[in-house]
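Asks: Take a look at the following structure, please.
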Amino acid sequence: MQLAALQHRCTVPFAYPVGDGHLRVILKAADGDLAAAECIFGDRYAWPPSEDAPLPLARLGGDGVHEYWGATLPAPQRRVRYRFRLEGRDGTVVWLAESGLHDAPPDGGFFQYAYIHRADRFRQPDWLREAVFYQIFPDRFCNGDPANDPPGTGPWGERPTPRYLAGGDLAGIRARLDYLADLGVGCIYTTPVFRSPSNHKYDTADYYQVDPAFGTNEELVGLVAAAHERGIRFLLDAVFNHSGALWPPFQDVLARGADSPYRDWFYDLRSFPVDPEACNYETFANHVPTMPKLDTGNRDVAAYLLEVAEHWPREAGVDGWRLDVANEVDHRFWRAFRDRVKGVNPEAFILGEVWHDALDWLGGDQFDSVMDYPWRDATLAWLTGRIDARDYDRWLTRLRFRYTAEAARGLVRLLSTHDTPRVRTVVGSRERAAQAAVLLLTCEGVPMIFYGDEVGLEGGDDPDCRRCYPWNDEEPRDLGLLSLYRRLGRIRRALPWLNDGAWQTVLAEGDLLAYLRLPTPLHAPERPAGEEGLLVVLNGGTDSVELALPPGDWVDLLAGEMQTGRLEGAGQRAAAKAGRREDGGKSGQNTGRAARHAAEQLSDHVALQAPGRAPGTVTLRLPPLGLAVLAPAWMEEVVKG
């Protein structure tokens, strides 16, 4: 046993409360090292410790380097002591406690979770569980009121440049709310809407006024209310890391230099006079003179921004904030921000922009979530063939245990944003874009669609990724992909447990990926045997494949959409042929040894979910780059509503 690989601490993400009376514990070991593990636990105040109860740990997955074992401990007194007994495949037996590794049961030095406080528990907003987010770059989504187009507005649909203005506005978003509702959207997030000289509005000139090119404050209030009438929530973008150069406090510093009462509102003014040409002050990124960095550690700056944070939820009814450059603002400010925003609306959602490991912000005292770019990196790596299905599954496993279960269910998964190339351009084909959509909308956490991805809108690096939505009939739109997104949106809305239900990998081999999504969360104290859920199967290869399934009344919830599989066998209702590409009767002819082995593996693993079913009487045929979302027949009626 590789003792140096054993990892556990009595803190997140290795130990955390689940509800009011359970503690989740996670142990890391070298992949393939442990044969068995158990946690011996009891009340911290009970004596003697020899009477503590054992609970087996389950192996939850491996990432090729580590494997993850876990259990959910009953804690009716809300306080726990525990240690682990570990058996290696080499026959070694060790005990792990806070005091270290032991050859025999330790007499003390246990891990101790002092008390499960309700006030410390991380609880996501209830509405998040069934939400699909939709990100909008307002200038490029829809022009609903040409009368407010600023001078220099170009024709709709021009290839974007850094200074291109298209005329999109709040009226345009409001005009398309029914479209978004039909897509299954439960929350809109817009990039900044406040007064600014740019098309992107990340250089704020007035935090209390909607930019005239987008409309008025009253129109924002009306838009939020109209969204709420359709069951759609609304997030604004908070740009608090920096202001714009036209913001009055910075203009005062430019005019009065060292005598300005606002000189300490900005980070590192190196000399006076302050000179945008020389950029002798700290800015966002590298020398961006139009975005001077704010010092949120300054009491007056914090007070001003916290009032902004309260103002819009209170006055416009917005449902939370997306936080720009959130990892470059001090933690003390974000803790105060959370208290102020949740004080106005306890169900508000706080979403940080952090492109890397965000554990420092997801302890329950700052953000509810972050934009999960690492998930995007992993998903696009598989879809573009840079890694195979096994490495993709390992990457997802590693990400799955980065945070607590409550934080993980709030992670906002994405394929594209206004800062990245679009998914359709990155993956290179509509079939792979369809697979990306399936992965996004059947994943754990919260899916977010970047406007236009649902119709195959293309775009490279910023600003090309910020193209106009192609509303006009003469502009190219992939209506087949749109239909797929709509079907997936209905599935997501009908099955809210996709947010926090268990993910169980069934098959990850070569180009083939299959996984079960099950209603009961992985961290639940008890998980029912024979639980039914969704079986998602993706063929990332250029050969058709056949996979054997257990018998039963399976249906493909995507039947009739792009590149769906075909079900054949006793008791089966074949998937509809309309809307999918036929494989010319060659299905299975090019299936190699790996695919045949995968078929056996798939049948065996799925059969485990329904004991007593004999595998092999139902065949799923997947075309090249095919996909299927399979479910028991009764679930089809649930999705239809």
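Each chain in the structure tokens gets a letter, A, B, ..., in the order shown, and its residues are numbered from 1; ligands are numbered from 1 in order too.
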Show which residues sit within 8 Å of Arg335 (chain A), as a ChimeraX atom specification. Count only C-alpha atoms, and ignore same-chain residues fewer than 3 positions away.

Replies: /A:331-332,338-339,365-366

Asks: Name all residues at most 10 Å from Thr161 (chain A) (count only C-alpha atoms; drop same-chain ones fewer than 6 positions away) and give them as an NGL selection string.

Replies: :A and (462-464 or 466-467)

Asks: Restrict the selected residues to C-alpha atoms and save them as a PDB file, in the first residue's frame.

Replies:
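File out-v2.pdb, as written:
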```
ATOM      1  CA  ASP A 462     -13.120  37.178 -28.798  1.00  0.00           C
ATOM      2  CA  PRO A 463     -14.606  39.227 -30.423  1.00  0.00           C
ATOM      3  CA  ASP A 464     -15.611  36.671 -33.079  1.00  0.00           C
ATOM      4  CA  ARG A 466     -19.794  37.531 -29.956  1.00  0.00           C
ATOM      5  CA  ARG A 467     -21.618  37.269 -33.271  1.00  0.00           C
TER       6      ARG A 467
END
```

Asks: At a cut-off of 12 Å, using only C-alpha atoms, what residues contact Asp453 (chain A)? Leave out same-chain residues fewer than 4 positions from it and give the result as a JSON list (two decimals) with C-alpha atoms, in the first residue's frame.

Replies:
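Just written: out-v1.json:
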```
[["chain", "number", "residue", "atom", "x", "y", "z"],
["A", 134, "TYR", "CA", -28.87, 31.09, -20.78],
["A", 135, "GLN", "CA", -26.11, 33.67, -21.22],
["A", 136, "ILE", "CA", -26.83, 36.75, -23.33],
["A", 141, "PHE", "CA", -28.89, 38.96, -29.06],
["A", 183, "LEU", "CA", -36.03, 26.23, -24.96],
["A", 414, "LEU", "CA", -20.75, 25.58, -19.96],
["A", 415, "LEU", "CA", -19.46, 24.94, -23.47],
["A", 416, "SER", "CA", -18.98, 28.52, -24.67],
["A", 417, "THR", "CA", -19.04, 32.04, -23.26],
["A", 418, "HIS", "CA", -18.39, 35.57, -24.49],
["A", 421, "PRO", "CA", -14.47, 30.29, -29.01],
["A", 422, "ARG", "CA", -17.88, 28.77, -29.64],
["A", 423, "VAL", "CA", -18.43, 25.07, -29.18],
["A", 424, "ARG", "CA", -19.60, 24.51, -32.78],
["A", 425, "THR", "CA", -16.36, 25.99, -34.08],
["A", 426, "VAL", "CA", -14.17, 24.11, -31.60],
["A", 430, "ARG", "CA", -22.85, 19.48, -36.06],
["A", 433, "ALA", "CA", -22.03, 19.78, -31.34],
["A", 434, "ALA", "CA", -25.07, 17.57, -30.71],
["A", 436, "ALA", "CA", -21.78, 18.37, -26.60],
["A", 437, "ALA", "CA", -25.40, 19.41, -26.03],
["A", 440, "LEU", "CA", -24.18, 19.60, -21.12],
["A", 448, "MET", "CA", -25.67, 27.11, -19.17],
["A", 449, "ILE", "CA", -26.24, 27.74, -22.89],
["A", 457, "LEU", "CA", -23.71, 29.72, -34.20],
["A", 458, "GLU", "CA", -19.98, 29.73, -34.94],
["A", 459, "GLY", "CA", -17.21, 31.99, -33.71],
["A", 465, "CYS", "CA", -17.46, 34.56, -30.49],
["A", 466, "ARG", "CA", -19.79, 37.53, -29.96],
["A", 467, "ARG", "CA", -21.62, 37.27, -33.27],
["A", 468, "CYS", "CA", -25.25, 38.29, -33.64],
["A", 469, "TYR", "CA", -27.99, 35.72, -33.12],
["A", 470, "PRO", "CA", -29.29, 34.79, -36.60],
["A", 477, "ARG", "CA", -29.61, 28.35, -38.33],
["A", 478, "ASP", "CA", -29.33, 24.67, -37.48],
["A", 479, "LEU", "CA", -32.95, 23.90, -36.70],
["A", 481, "LEU", "CA", -29.73, 21.21, -33.34],
["A", 482, "LEU", "CA", -32.32, 23.64, -31.95],
["A", 484, "LEU", "CA", -32.37, 18.67, -29.92],
["A", 485, "TYR", "CA", -31.72, 21.45, -27.38]]
```

Asks: Can you list, as a VMD selection string, every residue of region 164-377 of chain A that DSSP puts in strand (DSSP E or B)?

Replies: chain A and resid 187 to 190 194 to 195 206 to 210 233 to 238 242 266 269 281 283 292 to 294 320 to 323 349 to 352 369 to 372

Asks: Tell me which of A:Asn280, A:Gln124, A:Ser50, A:Thr204 sits closest to Ala407 (chain A), counting only C-alpha atoms.

Replies: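 The closest residue to Ala407 (chain A) is A:Gln124.
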
Asks: What lies within 9 Å of region 367-372 of chain A using only C-alpha atoms, ignoring chain neighbours under 3 positions off, as a PDB file with C-alpha atoms, in the first residue's frame?

Replies:
```pdb
ATOM      1  CA  PHE A 122     -23.958  25.543   2.511  1.00  0.00           C
ATOM      2  CA  ARG A 123     -27.446  25.584   0.996  1.00  0.00           C
ATOM      3  CA  GLN A 124     -28.092  26.339  -2.658  1.00  0.00           C
ATOM      4  CA  PRO A 125     -31.252  28.238  -3.683  1.00  0.00           C
ATOM      5  CA  ARG A 322     -22.555  36.944 -11.832  1.00  0.00           C
ATOM      6  CA  LEU A 323     -19.252  38.332 -10.493  1.00  0.00           C
ATOM      7  CA  TRP A 334     -17.166  38.767  -0.990  1.00  0.00           C
ATOM      8  CA  ARG A 335     -18.278  37.590   2.472  1.00  0.00           C
ATOM      9  CA  ARG A 338     -23.037  37.547   0.276  1.00  0.00           C
ATOM     10  CA  PHE A 349     -27.802  33.200  -6.656  1.00  0.00           C
ATOM     11  CA  ILE A 350     -24.162  34.347  -6.555  1.00  0.00           C
ATOM     12  CA  LEU A 351     -22.043  33.090  -9.462  1.00  0.00           C
ATOM     13  CA  GLY A 352     -18.321  33.827  -9.582  1.00  0.00           C
ATOM     14  CA  GLU A 353     -16.057  33.955 -12.591  1.00  0.00           C
ATOM     15  CA  VAL A 354     -13.188  31.666 -11.585  1.00  0.00           C
ATOM     16  CA  TRP A 355     -11.501  29.672 -14.346  1.00  0.00           C
ATOM     17  CA  HIS A 356      -9.565  27.341 -12.031  1.00  0.00           C
ATOM     18  CA  ALA A 358     -12.425  27.581  -6.782  1.00  0.00           C
ATOM     19  CA  TRP A 361     -14.700  30.646  -2.703  1.00  0.00           C
ATOM     20  CA  LEU A 362     -17.112  27.711  -2.283  1.00  0.00           C
ATOM     21  CA  GLY A 363     -17.163  27.137   1.456  1.00  0.00           C
ATOM     22  CA  GLY A 364     -20.690  28.513   1.772  1.00  0.00           C
ATOM     23  CA  TRP A 375     -15.510  20.913 -16.966  1.00  0.00           C
ATOM     24  CA  ARG A 376     -15.525  22.646 -20.347  1.00  0.00           C
ATOM     25  CA  ALA A 407     -21.161  23.137  -3.982  1.00  0.00           C
ATOM     26  CA  ALA A 408     -20.882  20.653  -6.867  1.00  0.00           C
ATOM     27  CA  ARG A 409     -24.614  20.691  -7.565  1.00  0.00           C
ATOM     28  CA  GLY A 410     -24.423  24.455  -8.057  1.00  0.00           C
ATOM     29  CA  LEU A 411     -21.502  24.425 -10.493  1.00  0.00           C
ATOM     30  CA  VAL A 412     -22.494  26.140 -13.736  1.00  0.00           C
ATOM     31  CA  ARG A 413     -21.370  23.915 -16.601  1.00  0.00           C
ATOM     32  CA  LEU A 414     -20.754  25.577 -19.960  1.00  0.00           C
TER      33      LEU A 414
END
```

Asks: With only C-alpha atoms as the counted atoms, please give the residues lying no more than 8 Å from Gly501 (chain A), apart from itself and same-chain residues fewer than 2 positions off, as a list in words.

Replies: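 Once the nearby chain positions are removed, what remains is Glu444, Trp497, Leu498, Asn499, Trp503, Arg517, Leu518, Pro519, Thr520, Pro521 and Leu522 of chain A.
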